[in-house]
Amino acid sequence: MDYIGGNLQMKSKNLLTSVLAIASLALTACGGSTSSTTSTAGTSSAAADSSTTTSTETTSSSTAEKVTLNMSVYYDNNDRHMKFIEGAAAKLPYSSLDGTTYKADDFKPVWKAIQKNLNFTINDVSPTGKVSIKDNFSTLVSSGFKANDVVVDIAQGNSDQILSEGTTNGTILDLNAHLNEMPNFKKFLNDNPAVKKTISSADGKVYYAPYFDGFDDIERMIMVRQDWVEKLLDGETAPTGLNTTAVDTSHYTPFYSNGVTSTVKVLNKADDTADGTATINKTYTAAQNIIKQMNDASSLTGASAVQMLRDYIDAVYGSTYGTKRSELFVGGKAVYDIDELVALMRCVKANAAFLTGVADAEIIPLFPRAQTSDRTTDLYRFLQFFGIRGTESRKEWMYVDNTTGKLVDARGTEAFANGIEKLHEMYQEGLIMQNFTTAKINDGTDYRGPFLSGGDDAKQFGFATYDYNQTTTIINDTTKIKGMEFVSLLPAVADWDDGNAGNLTHYTESWRSVKPQGWFINNAIASNTAKLAKCLELVDYLYSEEGNRVMSYGPDAYLAKNKDGSIQTTDYQGKQVPVLSDDCKAELKTLASGNYTNYYRYYLGATLPVGYVKEQGMEYQCVSKKAQPALNVINKAIQYGVLDHVNHKSDNAKHVNDIVPTTLPFNDAENTTLGSSFTDLNTSFTSDKKKIMTISKVVEGGWGTYDTYDYSSKTAYLNTVNNTFKLTQMVTLYNDAYTRFLAL
């Protein structure tokens with residue numbers, strides 16, 4: 001088993017599937033666009049034959065004795081287990097591409113293959129029902145790491161829980177002491193010291209193997225109805241049939257109230273054929289601000305709002321966009337700011353009948369993915385568009401201050417309070433989904449379906465959301481809305497240096513890194529030589545070429561083959577990745593409506609949050625064809641430095657590029673304080689699916705008293721959060737740990 005190299009390149013006939021250098025590849029122009037070969041397994045083509053990897057699934061002979069490991073591996077509910085469970089999402093019996101017909105209680109193909117390849121047996125002691133990894137870890141701790149009356153050998157947990165338990169009670173095996181027995185994992189950490197620092201305890205121990213849902217690649221992004229933007233803004237003259245009745249636009253006020261003077265770096269072409277960069281001058285006065293113009297209008301209608309925005313684009317950007325004014329927002333030449341985006345949202349909302357063809361239609365300009373608190377928090381990720389950092393942090397709401405290099409929690413800053421106020425203004429105008437904390441659409445909680453699927457009785461439609469690309473844009477392939485193009489955009493430009501609107505750039509903190517889950521080995525089995533060896537081999541396996549491929553793409557039966565039996569590969573961001581077979585993609589579409597995550601977790605048992613680096617080339621192959629060109633633009637913007645982002649380097653010239661570690665090396669005393677002293681802070685900003693974040697109530701209702709917390713004004717809010725909730729004290733603890741992290 002070869003180590004997954006840190007540079008992500010293909011060794012001779014070996015697919016290197018770590019994704020630890022996507023960002024560096026992108027920034028050195030190693031290919032941001034992709035191409036794919038999709039021949040069915042066993043069918044050859046010239047393109048396919050030119051790039052291959054050998055099928056290498058074999059049975060391990062490293063451990064002569066066949067060991068049984070008691071393992072708890074799953075993800076939150078019965079749908080996402082190592083085994084098929086009766087009544088879960090998978091439709092049983094399932095006739096797999098590996099030639100097996102699976103039924104309830106059978107191991108899914110990935111876990112069947114892993115047991116075969118490593119010559120061991122799994123005793124699955126995972127909990128059933130809706131049990132979070134966090135809650136199950138707590139149960140394991142209280143039971144002495146037993147489940148079903150047996151000692152659990154390997155299980156999952158949230159990284160902060162594992163570190164705290166390992167540090168405080170010594171119940172978790174220190175993997176650092178066994179790295180010589182895990183050559184793949186060892187080389188992975190040695191080649192990527194920033195990762196090792198991120199997962200280390202205060203005394204340098206490593207208690208878990210981390211899970212990466214991709215690495216050094218963009219994670220979430222804004223997606224919009226491109227067809228609507230083009231319909232409103234493109235062409236010599238404004239379209240006919242727009243709404244001529246007055247609309248309310250009196251709440252949102254200009255964010256860039258003093259105007260803007262900046263030069264913005266963009267791609268040299270709007271589409272994904274771009275092969276370099278250019279610049280666009282973005283200059284307008286306070287009086288020219290499009291929001292001010294709209295607010296000052298004596299009467300604003302859907303028609304006059306569209307005309308005003310079209311005239312504004314022509315006046316501010318001259319011949320830059322010509323009659324393709326939509327390119328201010330869509331594609332590689334986009335330089336829109338938050339005020340311009342809000343103006344566009346006003347135009348979209350005010351012209352619902354024209355855009356949808358439904359006389360009494362309503363358009364929701366910005367909607368969260370779902371009702372639950374963990375999804376409505378995506379609205380706060382949107383605060384990035386106001387130039388606010390920390391809202392898409394890998395750890396709480398933290399970011400590294402550009403001047404001091406210290407950690408700052410966004411929730412305690414005036415910029416965050418101002419941003420919440422702006423979101424409330426948008427909410428008052430109906431630009432954000434109304435009652436998003438409590439509303440249920442079609443008796444469901446996922447808003448993407450009802451707002452983007454259409455149908456004969458559809459009255460509500462969605463314009464934009466902020467989420468994962470593939471699992472959202474795949475709805476292009478199933479929607480009943482004719483001509484819908486739901487695609488990703490570059491983020492709004494903002495000033496990330498000093499906030500004076502003099503250096504606007506595209507930037508995102510939504511960057512794939514160490515996820516907050518991983519798996520660990522119970523220290524209680526350290527004296528059992530055979531079990532310990534097999535546990536270490538299993539943890540190490542998923543950092544090998546073969547193991548990573550099985551967990552990321554599935555067993556070889558799901559991959560396209562060349563005529564010589566080798567696995568077809570295709571380019572993804574400068575590296576070679578396996579090609580999913582046509583049969584696999586067809587099954588994915590049939591069984592999971594094109595949602596790759598559901599297919600891999602429900603049916604194959606892959607992409608579970610255990611210790612490995614999930615390869616994003618698989619996700620890319622499943623992106624809707626309508627959405628793929630726009631995603632290619634995002635990738636090229638990263639490649640050519642148009643889209644700046646946080647990264648994992650330790651020598652960044654600006655701290656704005658420093659990513660906050662997912663975990664920090666807190667000591668025993670700090671862990672105790674963190675676990676007991678910030679209850680109100682955690683309650684108010686909860687991401688518990690069953691609860692409502694208090695700040696969401698402020699977005700809906702404005703400043704006031706909610707859940708007994710004094711949020712009656714920006715000043716009161718900041719006092720409550722920083723002093724009453726003791727956020728200032730918590731940030732001090734975080735900075736103490738961050739100082740240790742930097743010294744590791």
# chains A, B, ... in the order shown; residues from 1 in each chain; ligands from 1

$ select_by_dssp --residues "segment 355-573 of chain A" --states "strand (DSSP E)" --output "MDAnalysis selection string"
chainID A and resid 362:366 398:400 407:409 460:468 486:488 494:495 504:508 514:521 567:572

$ write_last_selection --atoms "C-alpha atoms" --output "PDB file, in the first residue's frame"
ATOM      1  CA  GLU A 362     -43.634  34.667  -4.956  1.00  0.00           C
ATOM      2  CA  ILE A 363     -39.849  34.640  -5.239  1.00  0.00           C
ATOM      3  CA  ILE A 364     -37.712  34.190  -2.139  1.00  0.00           C
ATOM      4  CA  PRO A 365     -34.436  35.943  -3.056  1.00  0.00           C
ATOM      5  CA  LEU A 366     -32.271  34.281  -0.354  1.00  0.00           C
ATOM      6  CA  MET A 398     -12.827  32.524  15.090  1.00  0.00           C
ATOM      7  CA  TYR A 399     -10.485  34.233  12.647  1.00  0.00           C
ATOM      8  CA  VAL A 400      -6.875  35.410  12.774  1.00  0.00           C
ATOM      9  CA  LEU A 407      -7.631  34.969  17.306  1.00  0.00           C
ATOM     10  CA  VAL A 408     -10.805  37.040  17.282  1.00  0.00           C
ATOM     11  CA  ASP A 409     -14.355  35.747  17.712  1.00  0.00           C
ATOM     12  CA  GLN A 460     -43.033  29.896  -4.345  1.00  0.00           C
ATOM     13  CA  PHE A 461     -39.681  29.954  -6.100  1.00  0.00           C
ATOM     14  CA  GLY A 462     -36.138  30.501  -4.857  1.00  0.00           C
ATOM     15  CA  PHE A 463     -33.425  32.726  -6.321  1.00  0.00           C
ATOM     16  CA  ALA A 464     -30.282  32.139  -4.246  1.00  0.00           C
ATOM     17  CA  THR A 465     -28.891  29.982  -1.463  1.00  0.00           C
ATOM     18  CA  TYR A 466     -25.477  29.409   0.095  1.00  0.00           C
ATOM     19  CA  ASP A 467     -24.479  25.763   0.344  1.00  0.00           C
ATOM     20  CA  TYR A 468     -22.569  22.852  -1.198  1.00  0.00           C
ATOM     21  CA  PHE A 486     -29.035  27.182 -10.955  1.00  0.00           C
ATOM     22  CA  VAL A 487     -25.275  27.784 -10.761  1.00  0.00           C
ATOM     23  CA  SER A 488     -22.512  29.029  -8.492  1.00  0.00           C
ATOM     24  CA  ALA A 494     -15.170  43.206  -0.245  1.00  0.00           C
ATOM     25  CA  ASP A 495     -12.193  44.903   1.386  1.00  0.00           C
ATOM     26  CA  LEU A 504     -11.906  44.969  -3.108  1.00  0.00           C
ATOM     27  CA  THR A 505     -11.184  41.304  -3.775  1.00  0.00           C
ATOM     28  CA  HIS A 506     -12.943  37.969  -4.009  1.00  0.00           C
ATOM     29  CA  TYR A 507     -12.230  36.016  -0.842  1.00  0.00           C
ATOM     30  CA  THR A 508     -13.655  33.054   1.043  1.00  0.00           C
ATOM     31  CA  VAL A 514      -9.804  18.984   9.028  1.00  0.00           C
ATOM     32  CA  LYS A 515     -13.432  18.251   9.889  1.00  0.00           C
ATOM     33  CA  PRO A 516     -14.584  18.153  13.504  1.00  0.00           C
ATOM     34  CA  GLN A 517     -14.930  14.346  13.478  1.00  0.00           C
ATOM     35  CA  GLY A 518     -12.476  11.470  13.334  1.00  0.00           C
ATOM     36  CA  TRP A 519     -11.968   7.993  14.736  1.00  0.00           C
ATOM     37  CA  PHE A 520      -9.844   6.721  17.578  1.00  0.00           C
ATOM     38  CA  ILE A 521      -8.525   3.513  19.129  1.00  0.00           C
ATOM     39  CA  ILE A 567      -8.985   1.803 -13.848  1.00  0.00           C
ATOM     40  CA  GLN A 568      -9.732   4.789 -16.042  1.00  0.00           C
ATOM     41  CA  THR A 569      -8.629   8.122 -14.661  1.00  0.00           C
ATOM     42  CA  THR A 570      -9.405  11.732 -15.469  1.00  0.00           C
ATOM     43  CA  ASP A 571      -7.874  15.082 -14.588  1.00  0.00           C
ATOM     44  CA  TYR A 572      -9.246  16.970 -11.607  1.00  0.00           C
TER      45      TYR A 572
END

$ closest_atom_pairs --of "segment 238-315 of chain A" --to "segment 377-395 of chain A" --cutoff "12 Å" --atoms "only C-alpha atoms" --output "Markdown table"
| residue | atom | partner | partner_atom | distance |
| --- | --- | --- | --- | --- |
| A:Pro254 | CA | A:Phe386 | CA | 11.1 |
| A:Phe255 | CA | A:Phe386 | CA | 7.8 |
| A:Tyr256 | CA | A:Phe386 | CA | 9.5 |

$ write_last_selection --atoms "C-alpha atoms" --output "PDB file, in the first residue's frame"
ATOM      1  CA  PRO A 254     -26.346  51.268   1.449  1.00  0.00           C
ATOM      2  CA  PHE A 255     -23.480  49.318   2.953  1.00  0.00           C
ATOM      3  CA  TYR A 256     -20.996  51.233   0.780  1.00  0.00           C
TER       4      TYR A 256
END

$ residues_around --residues "Gly611 of chain A" --least-positions-apart "2" --cutoff "12 Å" --atoms "only C-alpha atoms" --output "PDB file with C-alpha atoms, in the first residue's frame"
ATOM      1  CA  VAL A  73     -18.821   3.579  12.726  1.00  0.00           C
ATOM      2  CA  ILE A 154     -12.495   1.676  17.361  1.00  0.00           C
ATOM      3  CA  ALA A 155     -15.123   4.406  17.408  1.00  0.00           C
ATOM      4  CA  GLN A 156     -15.784   7.948  16.278  1.00  0.00           C
ATOM      5  CA  GLY A 157     -16.072  11.197  18.125  1.00  0.00           C
ATOM      6  CA  ASN A 158     -15.900  14.926  17.693  1.00  0.00           C
ATOM      7  CA  SER A 159     -12.289  16.037  17.768  1.00  0.00           C
ATOM      8  CA  PHE A 185      -0.360   7.937   8.202  1.00  0.00           C
ATOM      9  CA  ILE A 199      -4.842  17.358  15.647  1.00  0.00           C
ATOM     10  CA  TYR A 207      -5.496  10.852  19.804  1.00  0.00           C
ATOM     11  CA  TYR A 208      -7.421  10.497  16.552  1.00  0.00           C
ATOM     12  CA  ALA A 209      -7.062  10.096  12.812  1.00  0.00           C
ATOM     13  CA  PRO A 210      -8.781  13.103  11.219  1.00  0.00           C
ATOM     14  CA  TYR A 211     -11.574  13.147   8.675  1.00  0.00           C
ATOM     15  CA  PHE A 212     -11.266  15.495   5.706  1.00  0.00           C
ATOM     16  CA  ASP A 213     -14.338  16.200   3.580  1.00  0.00           C
ATOM     17  CA  VAL A 514      -9.804  18.984   9.028  1.00  0.00           C
ATOM     18  CA  LYS A 515     -13.432  18.251   9.889  1.00  0.00           C
ATOM     19  CA  PRO A 516     -14.584  18.153  13.504  1.00  0.00           C
ATOM     20  CA  GLN A 517     -14.930  14.346  13.478  1.00  0.00           C
ATOM     21  CA  GLY A 518     -12.476  11.470  13.334  1.00  0.00           C
ATOM     22  CA  TRP A 519     -11.968   7.993  14.736  1.00  0.00           C
ATOM     23  CA  PHE A 520      -9.844   6.721  17.578  1.00  0.00           C
ATOM     24  CA  ILE A 521      -8.525   3.513  19.129  1.00  0.00           C
ATOM     25  CA  LEU A 536      -3.358   0.370  13.571  1.00  0.00           C
ATOM     26  CA  LEU A 538      -7.002  -0.277   9.588  1.00  0.00           C
ATOM     27  CA  VAL A 539      -6.372   3.352  10.563  1.00  0.00           C
ATOM     28  CA  ASP A 540      -3.311   3.408   8.329  1.00  0.00           C
ATOM     29  CA  TYR A 541      -5.120   1.740   5.419  1.00  0.00           C
ATOM     30  CA  LEU A 542      -7.397   4.676   4.687  1.00  0.00           C
ATOM     31  CA  TYR A 543      -4.324   6.866   4.164  1.00  0.00           C
ATOM     32  CA  SER A 544      -3.046   4.472   1.510  1.00  0.00           C
ATOM     33  CA  GLY A 547      -7.873   2.413   1.086  1.00  0.00           C
ATOM     34  CA  ASN A 548      -8.557   6.012   0.153  1.00  0.00           C
ATOM     35  CA  MET A 551     -13.611   4.929   0.836  1.00  0.00           C
ATOM     36  CA  SER A 552     -13.818   7.862  -1.605  1.00  0.00           C
ATOM     37  CA  THR A 607     -17.596   8.812   2.663  1.00  0.00           C
ATOM     38  CA  LEU A 608     -18.371   8.255   6.338  1.00  0.00           C
ATOM     39  CA  PRO A 609     -16.626  10.622   8.795  1.00  0.00           C
ATOM     40  CA  VAL A 613      -9.122  12.362   3.129  1.00  0.00           C
ATOM     41  CA  LYS A 614     -12.251  12.318   0.993  1.00  0.00           C
TER      42      LYS A 614
END

$ closest_residue --among "A:Thr413, A:Thr244, A:Ser326, A:Lys292" --to "Phe354 of chain A" --atoms "only C-alpha atoms"
A:Thr244

$ atom_distance --atom1 "atom CA of Asn289 of chain A" --atom2 "atom CA of Gly259 of chain A"
6.4 Å

$ residues_around --residues "Ser298 of chain A" --least-positions-apart "6" --cutoff "12 Å" --atoms "only C-alpha atoms" --output "PDB file with C-alpha atoms, in the first residue's frame"
ATOM      1  CA  ALA A 246     -44.944  50.039  -6.704  1.00  0.00           C
ATOM      2  CA  VAL A 247     -42.745  47.857  -4.484  1.00  0.00           C
ATOM      3  CA  ASP A 248     -41.433  48.409  -0.954  1.00  0.00           C
ATOM      4  CA  THR A 249     -37.659  48.919  -0.895  1.00  0.00           C
ATOM      5  CA  SER A 250     -37.356  51.236   2.077  1.00  0.00           C
ATOM      6  CA  LYS A 292     -29.333  54.991  -2.650  1.00  0.00           C
ATOM      7  CA  SER A 304     -38.152  50.870 -12.965  1.00  0.00           C
ATOM      8  CA  ALA A 305     -35.875  48.927 -10.590  1.00  0.00           C
TER       9      ALA A 305
END
